[in-house]
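Before any comments, here is the structure.
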Amino acid sequence: MVKLRNSRVLREVRANQVATCAKINLSDPRVVELCGMAGFSSVWLCLEHVPNDWQTIEHSVRAAKIHDMDVIVRVARGSYSDYIRPLECDASGVMVPHVQSAEEAREIVSLCRFQPRGKRALDGGNVDGAFCNVPLTEYLEHANAERYIILQIESPEAVEQVESIAAVPGYDFLLFGAGDYTHRIGKPGQFDCREVHVARARVEEAARKHGKSCMAVGLTLAAEALFLRGYGIVSLASDVVGLGNYLRNQVKDYQPVVDEKALGSLYSKEAAEL
């Protein structure tokens, strides 16, 4: 009997835990497997900024499922196909960037949820529907219950509308995009400025008020503190940042050894010439 896979992130959030995530920019599914071996609840793949193709997404989802790990795909803004194709690859969550209004939020929910919660286009012949090896009603119910939607709030305009966005039913998480927000207010990279703290708190408060969870990026608070502030997912790592730091540190640690040996060789040469 074919059994559809439930979401690990939702399982952990429903148990009042904070699920973990790693942001993946590299295209090798073996990086995804490393995250699974490390114990992450989920990985975040990107189609907004990263030149991934659909086979990369599909292979990465397979790699993640080996370790019962969710895949979240940040979609490109476009047609309904751009929103549902990651779900049909069996990703557990879709993240939609730059949501600006409650009207946009309602449209996203409508595109990503099946009836009676939305008007998602139906296939069922892909891996998320076990290639038509489960009853159609089971597939529809499972997709609505075990797949989630994350909306990104990334601009001053979106923060002004966040209370009405948070009130929209049918999605699961809000993510405050501090990077784009600092850029939009003319303070790029100043993540500790007062405006960012105020905006983040406003997003958190709106989510809590309307029964939504938040996803955090780069916050170093303990899991208990994150939970109390309404966070269900925290992104703890980035493959390119981690690999870049590792490589720089390797060179940094090795260079003094190289310099010392070179200096020693120079002294030996000078001694021989004397």
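Letters A, B, ... mark the chains of the structure tokens in the order given; residue numbers begin at 1 per chain; ligand numbers begin at 1, in order shown.
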Quiz item: Residues at most 10 Å from A:Asn52, counting only C-alpha atoms, excluding those fewer than 5 positions away in the same chain, as JSON, numbers by chain?
Solution: {"A": [25, 26, 27, 45, 46, 47, 57]}
Limited to N, CA and C atoms, could you put the picked residues into a file as a PDB file, in the first residue's frame?
ATOM      1  N   ASN A  25      22.018  27.115  -1.744  1.00  0.00           N
ATOM      2  CA  ASN A  25      22.175  27.770  -3.042  1.00  0.00           C
ATOM      3  C   ASN A  25      22.846  26.866  -4.072  1.00  0.00           C
ATOM      4  N   LEU A  26      23.679  25.942  -3.626  1.00  0.00           N
ATOM      5  CA  LEU A  26      24.377  25.047  -4.545  1.00  0.00           C
ATOM      6  C   LEU A  26      23.411  24.013  -5.100  1.00  0.00           C
ATOM      7  N   SER A  27      23.717  23.498  -6.278  1.00  0.00           N
ATOM      8  CA  SER A  27      22.750  22.664  -6.992  1.00  0.00           C
ATOM      9  C   SER A  27      22.945  21.170  -6.796  1.00  0.00           C
ATOM     10  N   LEU A  45      15.292  25.696  -0.779  1.00  0.00           N
ATOM     11  CA  LEU A  45      15.825  25.877  -2.119  1.00  0.00           C
ATOM     12  C   LEU A  45      15.174  27.101  -2.748  1.00  0.00           C
ATOM     13  N   CYS A  46      15.841  27.680  -3.739  1.00  0.00           N
ATOM     14  CA  CYS A  46      15.376  28.968  -4.264  1.00  0.00           C
ATOM     15  C   CYS A  46      15.264  28.958  -5.781  1.00  0.00           C
ATOM     16  N   LEU A  47      14.122  29.445  -6.255  1.00  0.00           N
ATOM     17  CA  LEU A  47      13.923  29.688  -7.678  1.00  0.00           C
ATOM     18  C   LEU A  47      13.744  31.172  -7.978  1.00  0.00           C
ATOM     19  N   ILE A  57      15.553  20.565  -8.424  1.00  0.00           N
ATOM     20  CA  ILE A  57      14.553  20.550  -7.351  1.00  0.00           C
ATOM     21  C   ILE A  57      14.077  19.122  -7.099  1.00  0.00           C
TER      22      ILE A  57
END
Tell me, counting only C-alpha atoms, for each residue of stretch 178-210 of chain A within 12 Å of stretch 92-104 of chain A, which pair of atoms is nearest and how far apart they are in Å to one decimal, in rows ordered by chain and increasing number, as JSON lines.
{"residue": "A:Ala178", "atom": "CA", "partner": "A:His98", "partner_atom": "CA", "distance": 11.7}
{"residue": "A:Gly179", "atom": "CA", "partner": "A:His98", "partner_atom": "CA", "distance": 11.8}
{"residue": "A:Asp180", "atom": "CA", "partner": "A:His98", "partner_atom": "CA", "distance": 9.1}
{"residue": "A:Tyr181", "atom": "CA", "partner": "A:His98", "partner_atom": "CA", "distance": 10.2}
{"residue": "A:Arg184", "atom": "CA", "partner": "A:His98", "partner_atom": "CA", "distance": 11.8}
With C-alpha atoms retained, write the just-selected residues as a short mmCIF file (atom, residue, chain, number, x, y, z; two decimals), in the first residue's frame.
data_model
loop_
_atom_site.label_atom_id
_atom_site.label_comp_id
_atom_site.auth_asym_id
_atom_site.auth_seq_id
_atom_site.Cartn_x
_atom_site.Cartn_y
_atom_site.Cartn_z
CA ALA A 178 15.21 41.76 6.74
CA GLY A 179 17.68 41.93 3.84
CA ASP A 180 15.29 43.44 1.34
CA TYR A 181 13.69 45.54 4.06
CA ARG A 184 14.19 49.40 0.82
#
Exercise. Could you tell me, as a ChimeraX atom specification, which residues of stretch 45-205 of chain A DSSP assigns to helix (DSSP H, G or I) when given the backbone?
Key: /A:54-65,80-88,102-112,127-132,136-146,156-160,162-166,178-184,194-205
With only C-alpha atoms counted and 10 Å as the cut-off, give the residues of stretch 124-214 of chain A in contact with stretch 7-13 of chain A, each with its shortest interatomic distance in Å and the pair that gives it, as CSV.
residue,atom,partner,partner_atom,distance
A:Ala145,CA,A:Ser7,CA,9.1
A:Glu146,CA,A:Ser7,CA,5.5
A:Arg147,CA,A:Ser7,CA,6.8
A:Tyr148,CA,A:Leu10,CA,8.0
A:Asp172,CA,A:Leu10,CA,9.5
A:Ser213,CA,A:Val13,CA,8.7
Once you have the residues from the selection above, write them out as an mmCIF file, in the first residue's frame, restricted to N, CA and C atoms.
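Below is the file out.cif, written as the result:
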data_model
loop_
_atom_site.group_PDB
_atom_site.id
_atom_site.type_symbol
_atom_site.label_atom_id
_atom_site.label_comp_id
_atom_site.auth_asym_id
_atom_site.auth_seq_id
_atom_site.Cartn_x
_atom_site.Cartn_y
_atom_site.Cartn_z
ATOM 1 N N ALA A 145 -3.577 19.178 4.032
ATOM 2 C CA ALA A 145 -3.231 19.048 5.454
ATOM 3 C C ALA A 145 -1.734 19.020 5.708
ATOM 4 N N GLU A 146 -0.936 18.529 4.752
ATOM 5 C CA GLU A 146 0.479 18.260 5.010
ATOM 6 C C GLU A 146 1.437 19.076 4.148
ATOM 7 N N ARG A 147 0.934 20.094 3.490
ATOM 8 C CA ARG A 147 1.777 21.004 2.736
ATOM 9 C C ARG A 147 1.524 22.422 3.253
ATOM 10 N N TYR A 148 2.549 23.275 3.231
ATOM 11 C CA TYR A 148 2.402 24.579 3.854
ATOM 12 C C TYR A 148 2.885 25.695 2.930
ATOM 13 N N ASP A 172 0.344 29.352 6.273
ATOM 14 C CA ASP A 172 0.847 28.856 7.543
ATOM 15 C C ASP A 172 1.871 29.744 8.232
ATOM 16 N N SER A 213 2.234 31.085 12.349
ATOM 17 C CA SER A 213 3.600 31.002 12.851
ATOM 18 C C SER A 213 4.500 31.869 11.983
#
Exercise. For atom CA of A:Ile72 and atom CA of A:Leu136, quote the distance in Å rounded to one decimal.
Key: 23.9 Å
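Counting only C-alpha atoms, stretch 105-118 of chain A has the following residues at most 8 Å away, ignoring those fewer than 5 positions along the same chain: Tyr80, Tyr83, Ile84, Val99, Leu140, Ala143, Asn144, Ile149, Leu151, Ile165, Val168, Pro169, Gly170 and Tyr171 of chain A.
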Selected residues written out, C-alpha atoms, as a JSON list (two decimals), in the first residue's frame:
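Below you can see result38.json, which holds the result:
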[["chain", "number", "residue", "atom", "x", "y", "z"],
["A", 80, "TYR", "CA", -0.05, 29.34, -11.11],
["A", 83, "TYR", "CA", 3.50, 28.03, -7.46],
["A", 84, "ILE", "CA", 2.30, 24.43, -7.68],
["A", 99, "VAL", "CA", 3.81, 39.66, -0.74],
["A", 140, "LEU", "CA", -6.42, 16.09, -2.07],
["A", 143, "ALA", "CA", -2.05, 17.97, 0.15],
["A", 144, "ASN", "CA", -4.24, 20.43, 2.05],
["A", 149, "ILE", "CA", 2.67, 28.10, 2.47],
["A", 151, "LEU", "CA", 4.60, 34.40, 2.74],
["A", 165, "ILE", "CA", -2.21, 39.84, 5.36],
["A", 168, "VAL", "CA", -6.02, 35.77, 5.51],
["A", 169, "PRO", "CA", -6.90, 32.09, 6.12],
["A", 170, "GLY", "CA", -5.22, 29.15, 4.41],
["A", 171, "TYR", "CA", -1.50, 29.79, 4.70]]
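Residues within 7 Å of A:Ala166, counting only C-alpha atoms and excluding same-chain residues fewer than 5 positions away, are Ala206, Ala207 and His210 of chain A.
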Residues just named, written with C-alpha atoms as an mmCIF file, in the first residue's frame:
data_model
loop_
_atom_site.group_PDB
_atom_site.id
_atom_site.type_symbol
_atom_site.label_atom_id
_atom_site.label_comp_id
_atom_site.auth_asym_id
_atom_site.auth_seq_id
_atom_site.Cartn_x
_atom_site.Cartn_y
_atom_site.Cartn_z
ATOM 1 C CA ALA A 206 0.311 40.100 13.569
ATOM 2 C CA ALA A 207 1.125 36.418 13.098
ATOM 3 C CA HIS A 210 -4.167 35.567 13.719
#
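A straight line drawn from atom CA of A:Pro156 to atom CA of A:Ile185 is 7.5 Å long.
Residue nearest A:Ser238 within the list A:Met37, A:Val73, A:Val196, A:Val217: A:Val217 [criterion: smallest interatomic distance, only C-alpha atoms].
Nearest to A:Leu219 of all the residues A:Glu205, A:Asp192, A:Asp239, A:Glu160 is A:Asp192, counting only C-alpha atoms.
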